[in-house]
Amino acid sequence: MGGGAGYAGGGGGTGVGRSDSGWFASGGGGGSSFVTGPGVTNGRTLAGNGTRAGGKDDPLYQSPVGDAGNRGQVVLQWTEFTVTPGGPPDVELRQGGRAGYPGVHVESGVAFAPVAVAVALPAGHGLLFGTQTLADYQLTVQNADGETAQYTGTLSEDGTSLVFADVDLELPGTTVMWVAVSAGHDAPLGATSLTFTVGGKTSPSTTIVVAPNFSVSPGGAPVTAERGGAVVYPGVEVRNNGTEAIPLQTVTAVLPADAALRFGTQTIADHQLTVWGSDGNITVYAGSISEDNQTLTFPDVDLAIPEDGSQAVMWVGVSASDDTPQGATSVEFTVGDRTSPSTTINVI
């Protein structure tokens, strides 16, 4: 309950008083009295006229509250603020990237006393208050005039929620409040939201969309492999989508089924992965071959794309046997949890 106004009337006199969130009226016995209770604090009384309540020009007054002839009759009229998600637009977070600012709108036509605000992260979604390198426990409140105030919260022991005491909602009008959050490198992709509880009222925040920290795509122009011929080098390109400190990744390269391709040649196997980083440096990794000779696995590969927008290329060496069908094919690369076909291999 956001707050309210209580009206009481009767007998030989009625008074009306305004609380933090509305007006109240009380009466009886030839005078007026102070009314207390939830949402009725620090009020003042205004004299009525006989059995007619005062303060009828207040926008919260609802006729005929306060005009009753029975001494001591009390009617409570509550007014509330609303809390709704603070979008659109959605807040897009990159895994391991910069912070975004999801929040809520708080709206009412009257002022309210300061309230407690709690903000909870969604369970199992790998979100953080602030970033991996710089925690941020602040709540920002912006009123209808664009003025902002910051509050420092208390983090729960499990690190999943913040509590802010005595937050001025800056009402009447429409207030926006938000916190800074980011997605960890292992945060699941897709949509989620925070949970704001403002003075006992709960609402989801702006929708948060978690996007990949890097992308993988075919690595350049097609290559031509002659049956029984030399090695060619199909690969993929990896691109930093706006994140920092991408962890080492496991990379696999899988030959297409029933294509009679091989890693290296019939006489010289090639179980290496070459990474040409965004800085121009080349790093070679030795992989392990599966029992069926169709898959190479490379653990702990540095993608060499440290900055937003930086790109690297990686490839393996394959050749076509005398039995390889002619036409287009490719090697399937999996980098972390992202999969892409390689450069097209045209077998002739």
# chains A, B, ... in the order shown; residues from 1 in each chain; ligands from 1
$ select_by_dssp --residues "segment 249-342 of chain A" --states "strand (DSSP E or B)" --output "PyMOL selection string"
chain A and resi 249-254+261-264+269+272-276+282-286+288-289+295-301+311-315+318-320+327-329+332-335+338-341
$ write_last_selection --atoms "N, CA and C atoms" --output "compact mmCIF listing (two decimals), in the first residue's frame"
# COMPACT_ATOMS: atom_id res chain seq x y z
N GLN A 249 39.49 -20.40 -24.86
CA GLN A 249 38.39 -21.21 -25.36
C GLN A 249 38.87 -22.57 -25.87
N THR A 250 37.98 -23.56 -25.81
CA THR A 250 38.23 -24.83 -26.47
C THR A 250 37.71 -24.74 -27.90
N VAL A 251 38.54 -25.14 -28.86
CA VAL A 251 38.18 -25.09 -30.28
C VAL A 251 38.18 -26.51 -30.81
N THR A 252 37.14 -26.88 -31.56
CA THR A 252 37.13 -28.16 -32.26
C THR A 252 36.92 -27.92 -33.75
N ALA A 253 37.52 -28.78 -34.55
CA ALA A 253 37.34 -28.77 -36.01
C ALA A 253 36.91 -30.17 -36.42
N VAL A 254 35.75 -30.25 -37.10
CA VAL A 254 35.17 -31.54 -37.45
C VAL A 254 35.06 -31.65 -38.98
N LEU A 261 37.63 -36.47 -46.45
CA LEU A 261 38.68 -35.48 -46.22
C LEU A 261 39.55 -35.96 -45.08
N ARG A 262 40.74 -35.40 -44.94
CA ARG A 262 41.63 -35.77 -43.85
C ARG A 262 42.41 -34.53 -43.40
N PHE A 263 42.85 -34.57 -42.14
CA PHE A 263 43.70 -33.50 -41.61
C PHE A 263 45.13 -33.77 -42.08
N GLY A 264 45.69 -32.83 -42.87
CA GLY A 264 46.98 -33.04 -43.48
C GLY A 264 46.80 -33.83 -44.77
N ALA A 269 50.28 -36.31 -41.50
CA ALA A 269 49.14 -35.77 -40.75
C ALA A 269 49.45 -34.36 -40.27
N GLN A 272 47.34 -29.40 -36.36
CA GLN A 272 47.60 -28.06 -35.80
C GLN A 272 46.47 -27.09 -36.14
N LEU A 273 46.29 -26.15 -35.22
CA LEU A 273 45.40 -24.99 -35.43
C LEU A 273 46.27 -23.75 -35.44
N THR A 274 46.10 -22.90 -36.44
CA THR A 274 46.85 -21.66 -36.52
C THR A 274 45.90 -20.49 -36.26
N VAL A 275 46.29 -19.59 -35.35
CA VAL A 275 45.50 -18.40 -35.03
C VAL A 275 46.31 -17.17 -35.41
N TRP A 276 45.75 -16.38 -36.31
CA TRP A 276 46.35 -15.11 -36.72
C TRP A 276 45.60 -14.01 -36.00
N ILE A 282 51.05 -14.65 -35.06
CA ILE A 282 50.54 -15.99 -35.35
C ILE A 282 50.93 -16.94 -34.23
N THR A 283 49.94 -17.71 -33.76
CA THR A 283 50.16 -18.71 -32.72
C THR A 283 49.66 -20.05 -33.23
N VAL A 284 50.44 -21.10 -33.00
CA VAL A 284 50.09 -22.44 -33.46
C VAL A 284 49.80 -23.32 -32.25
N TYR A 285 48.70 -24.08 -32.30
CA TYR A 285 48.29 -24.98 -31.22
C TYR A 285 48.26 -26.41 -31.75
N ALA A 286 48.74 -27.34 -30.95
CA ALA A 286 48.69 -28.76 -31.30
C ALA A 286 47.41 -29.36 -30.71
N SER A 288 44.43 -32.71 -30.33
CA SER A 288 44.30 -34.16 -30.18
C SER A 288 43.26 -34.65 -31.18
N ILE A 289 43.53 -35.78 -31.82
CA ILE A 289 42.68 -36.33 -32.86
C ILE A 289 41.76 -37.40 -32.27
N THR A 295 37.80 -35.53 -35.90
CA THR A 295 37.69 -34.35 -35.05
C THR A 295 39.02 -34.02 -34.41
N LEU A 296 39.41 -32.75 -34.49
CA LEU A 296 40.55 -32.23 -33.75
C LEU A 296 40.05 -31.34 -32.62
N THR A 297 40.66 -31.47 -31.44
CA THR A 297 40.27 -30.66 -30.29
C THR A 297 41.49 -29.91 -29.78
N PHE A 298 41.29 -28.59 -29.57
CA PHE A 298 42.37 -27.71 -29.10
C PHE A 298 41.91 -27.00 -27.83
N PRO A 299 42.40 -27.37 -26.65
CA PRO A 299 42.01 -26.67 -25.42
C PRO A 299 42.81 -25.38 -25.24
N ASP A 300 42.24 -24.46 -24.47
CA ASP A 300 42.96 -23.26 -24.02
C ASP A 300 43.52 -22.43 -25.16
N VAL A 301 42.67 -22.10 -26.10
CA VAL A 301 43.09 -21.27 -27.24
C VAL A 301 42.80 -19.80 -26.94
N GLN A 311 39.41 -8.52 -34.72
CA GLN A 311 39.12 -9.76 -35.42
C GLN A 311 40.38 -10.61 -35.53
N ALA A 312 40.18 -11.92 -35.55
CA ALA A 312 41.27 -12.87 -35.77
C ALA A 312 40.76 -13.97 -36.69
N VAL A 313 41.70 -14.68 -37.32
CA VAL A 313 41.36 -15.79 -38.20
C VAL A 313 42.08 -17.04 -37.70
N MET A 314 41.39 -18.18 -37.73
CA MET A 314 42.03 -19.45 -37.36
C MET A 314 41.70 -20.49 -38.43
N TRP A 315 42.65 -21.43 -38.64
CA TRP A 315 42.43 -22.43 -39.68
C TRP A 315 43.16 -23.73 -39.36
N VAL A 318 43.68 -29.33 -44.37
CA VAL A 318 42.98 -30.54 -44.79
C VAL A 318 43.30 -30.81 -46.26
N SER A 319 43.09 -32.05 -46.67
CA SER A 319 43.24 -32.39 -48.09
C SER A 319 42.14 -33.36 -48.48
N ALA A 320 41.92 -33.46 -49.80
CA ALA A 320 40.92 -34.37 -50.34
C ALA A 320 41.60 -35.65 -50.82
N GLY A 327 32.58 -31.11 -55.48
CA GLY A 327 31.58 -30.12 -55.06
C GLY A 327 32.01 -29.37 -53.82
N ALA A 328 31.07 -28.60 -53.29
CA ALA A 328 31.36 -27.73 -52.14
C ALA A 328 31.14 -28.45 -50.82
N THR A 329 32.04 -28.23 -49.88
CA THR A 329 31.90 -28.76 -48.52
C THR A 329 32.61 -27.81 -47.56
N GLU A 332 33.53 -28.01 -39.90
CA GLU A 332 32.73 -27.35 -38.87
C GLU A 332 33.61 -26.98 -37.68
N PHE A 333 33.67 -25.68 -37.37
CA PHE A 333 34.43 -25.19 -36.22
C PHE A 333 33.47 -24.88 -35.07
N THR A 334 33.86 -25.28 -33.87
CA THR A 334 33.16 -24.86 -32.67
C THR A 334 34.16 -24.15 -31.78
N VAL A 335 33.88 -22.88 -31.47
CA VAL A 335 34.75 -22.05 -30.64
C VAL A 335 33.96 -21.72 -29.37
N ARG A 338 30.06 -21.56 -29.63
CA ARG A 338 29.61 -21.03 -30.92
C ARG A 338 30.14 -21.87 -32.07
N THR A 339 29.28 -22.21 -33.02
CA THR A 339 29.63 -23.10 -34.12
C THR A 339 29.43 -22.39 -35.45
N SER A 340 30.34 -22.65 -36.39
CA SER A 340 30.25 -22.05 -37.73
C SER A 340 30.92 -22.97 -38.74
N PRO A 341 30.41 -22.99 -39.96
CA PRO A 341 31.16 -23.68 -41.01
C PRO A 341 32.41 -22.87 -41.36
$ closest_atom_pairs --of "segment 140-163 of chain A" --to "segment 171-179 of chain A" --cutoff "9 Å" --atoms "only C-alpha atoms" --output "JSON lines"
{"residue": "A:Thr140", "atom": "CA", "partner": "A:Met177", "partner_atom": "CA", "distance": 5.4}
{"residue": "A:Val141", "atom": "CA", "partner": "A:Met177", "partner_atom": "CA", "distance": 4.4}
{"residue": "A:Gln142", "atom": "CA", "partner": "A:Val176", "partner_atom": "CA", "distance": 5.2}
{"residue": "A:Asn143", "atom": "CA", "partner": "A:Thr175", "partner_atom": "CA", "distance": 4.5}
{"residue": "A:Ala144", "atom": "CA", "partner": "A:Thr174", "partner_atom": "CA", "distance": 5.4}
{"residue": "A:Gly146", "atom": "CA", "partner": "A:Thr175", "partner_atom": "CA", "distance": 8.9}
$ write_last_selection --atoms "N, CA, C and O atoms" --output "PDB file, in the first residue's frame"
ATOM      1  N   THR A 140      20.310   5.226  -8.866  1.00  0.00           N
ATOM      2  CA  THR A 140      20.115   6.589  -9.340  1.00  0.00           C
ATOM      3  C   THR A 140      18.625   6.850  -9.487  1.00  0.00           C
ATOM      4  O   THR A 140      17.906   6.034 -10.087  1.00  0.00           O
ATOM      5  N   VAL A 141      18.168   7.970  -8.940  1.00  0.00           N
ATOM      6  CA  VAL A 141      16.760   8.366  -9.003  1.00  0.00           C
ATOM      7  C   VAL A 141      16.677   9.690  -9.752  1.00  0.00           C
ATOM      8  O   VAL A 141      17.316  10.670  -9.366  1.00  0.00           O
ATOM      9  N   GLN A 142      15.899   9.716 -10.824  1.00  0.00           N
ATOM     10  CA  GLN A 142      15.741  10.921 -11.647  1.00  0.00           C
ATOM     11  C   GLN A 142      14.286  11.357 -11.612  1.00  0.00           C
ATOM     12  O   GLN A 142      13.383  10.584 -11.940  1.00  0.00           O
ATOM     13  N   ASN A 143      14.064  12.626 -11.211  1.00  0.00           N
ATOM     14  CA  ASN A 143      12.687  13.109 -11.115  1.00  0.00           C
ATOM     15  C   ASN A 143      12.193  13.638 -12.458  1.00  0.00           C
ATOM     16  O   ASN A 143      12.898  13.616 -13.467  1.00  0.00           O
ATOM     17  N   ALA A 144      10.957  14.142 -12.446  1.00  0.00           N
ATOM     18  CA  ALA A 144      10.327  14.601 -13.685  1.00  0.00           C
ATOM     19  C   ALA A 144      11.058  15.782 -14.309  1.00  0.00           C
ATOM     20  O   ALA A 144      10.912  16.036 -15.514  1.00  0.00           O
ATOM     21  N   GLY A 146      14.308  15.983 -14.502  1.00  0.00           N
ATOM     22  CA  GLY A 146      15.613  15.523 -14.960  1.00  0.00           C
ATOM     23  C   GLY A 146      16.706  15.603 -13.915  1.00  0.00           C
ATOM     24  O   GLY A 146      17.871  15.299 -14.211  1.00  0.00           O
TER      25      GLY A 146
END
$ atom_distance --atom1 "atom CA of Gly190 of chain A" --atom2 "atom CA of Gly126 of chain A"
11.7 Å
$ residues_around --residues "Val163 of chain A" --least-positions-apart "3" --cutoff "7 Å" --atoms "only C-alpha atoms" --output "VMD selection string"
chain A and resid 117 to 119 153 to 155
$ write_last_selection --atoms "N, CA and C atoms" --output "PDB file, in the first residue's frame"
ATOM      1  N   VAL A 117      14.025   0.593  -1.048  1.00  0.00           N
ATOM      2  CA  VAL A 117      14.047   0.022  -2.397  1.00  0.00           C
ATOM      3  C   VAL A 117      14.996  -1.170  -2.389  1.00  0.00           C
ATOM      4  N   ALA A 118      14.550  -2.285  -2.934  1.00  0.00           N
ATOM      5  CA  ALA A 118      15.399  -3.472  -3.084  1.00  0.00           C
ATOM      6  C   ALA A 118      15.480  -3.836  -4.559  1.00  0.00           C
ATOM      7  N   VAL A 119      16.668  -4.256  -4.998  1.00  0.00           N
ATOM      8  CA  VAL A 119      16.884  -4.677  -6.380  1.00  0.00           C
ATOM      9  C   VAL A 119      17.535  -6.057  -6.354  1.00  0.00           C
ATOM     10  N   GLY A 153      23.679   1.341  -1.763  1.00  0.00           N
ATOM     11  CA  GLY A 153      22.950   0.230  -1.181  1.00  0.00           C
ATOM     12  C   GLY A 153      23.827  -0.717  -0.395  1.00  0.00           C
ATOM     13  N   THR A 154      23.167  -1.631   0.290  1.00  0.00           N
ATOM     14  CA  THR A 154      23.829  -2.689   1.045  1.00  0.00           C
ATOM     15  C   THR A 154      23.661  -3.996   0.278  1.00  0.00           C
ATOM     16  N   LEU A 155      24.782  -4.651  -0.020  1.00  0.00           N
ATOM     17  CA  LEU A 155      24.761  -5.892  -0.782  1.00  0.00           C
ATOM     18  C   LEU A 155      24.447  -7.058   0.142  1.00  0.00           C
TER      19      LEU A 155
END
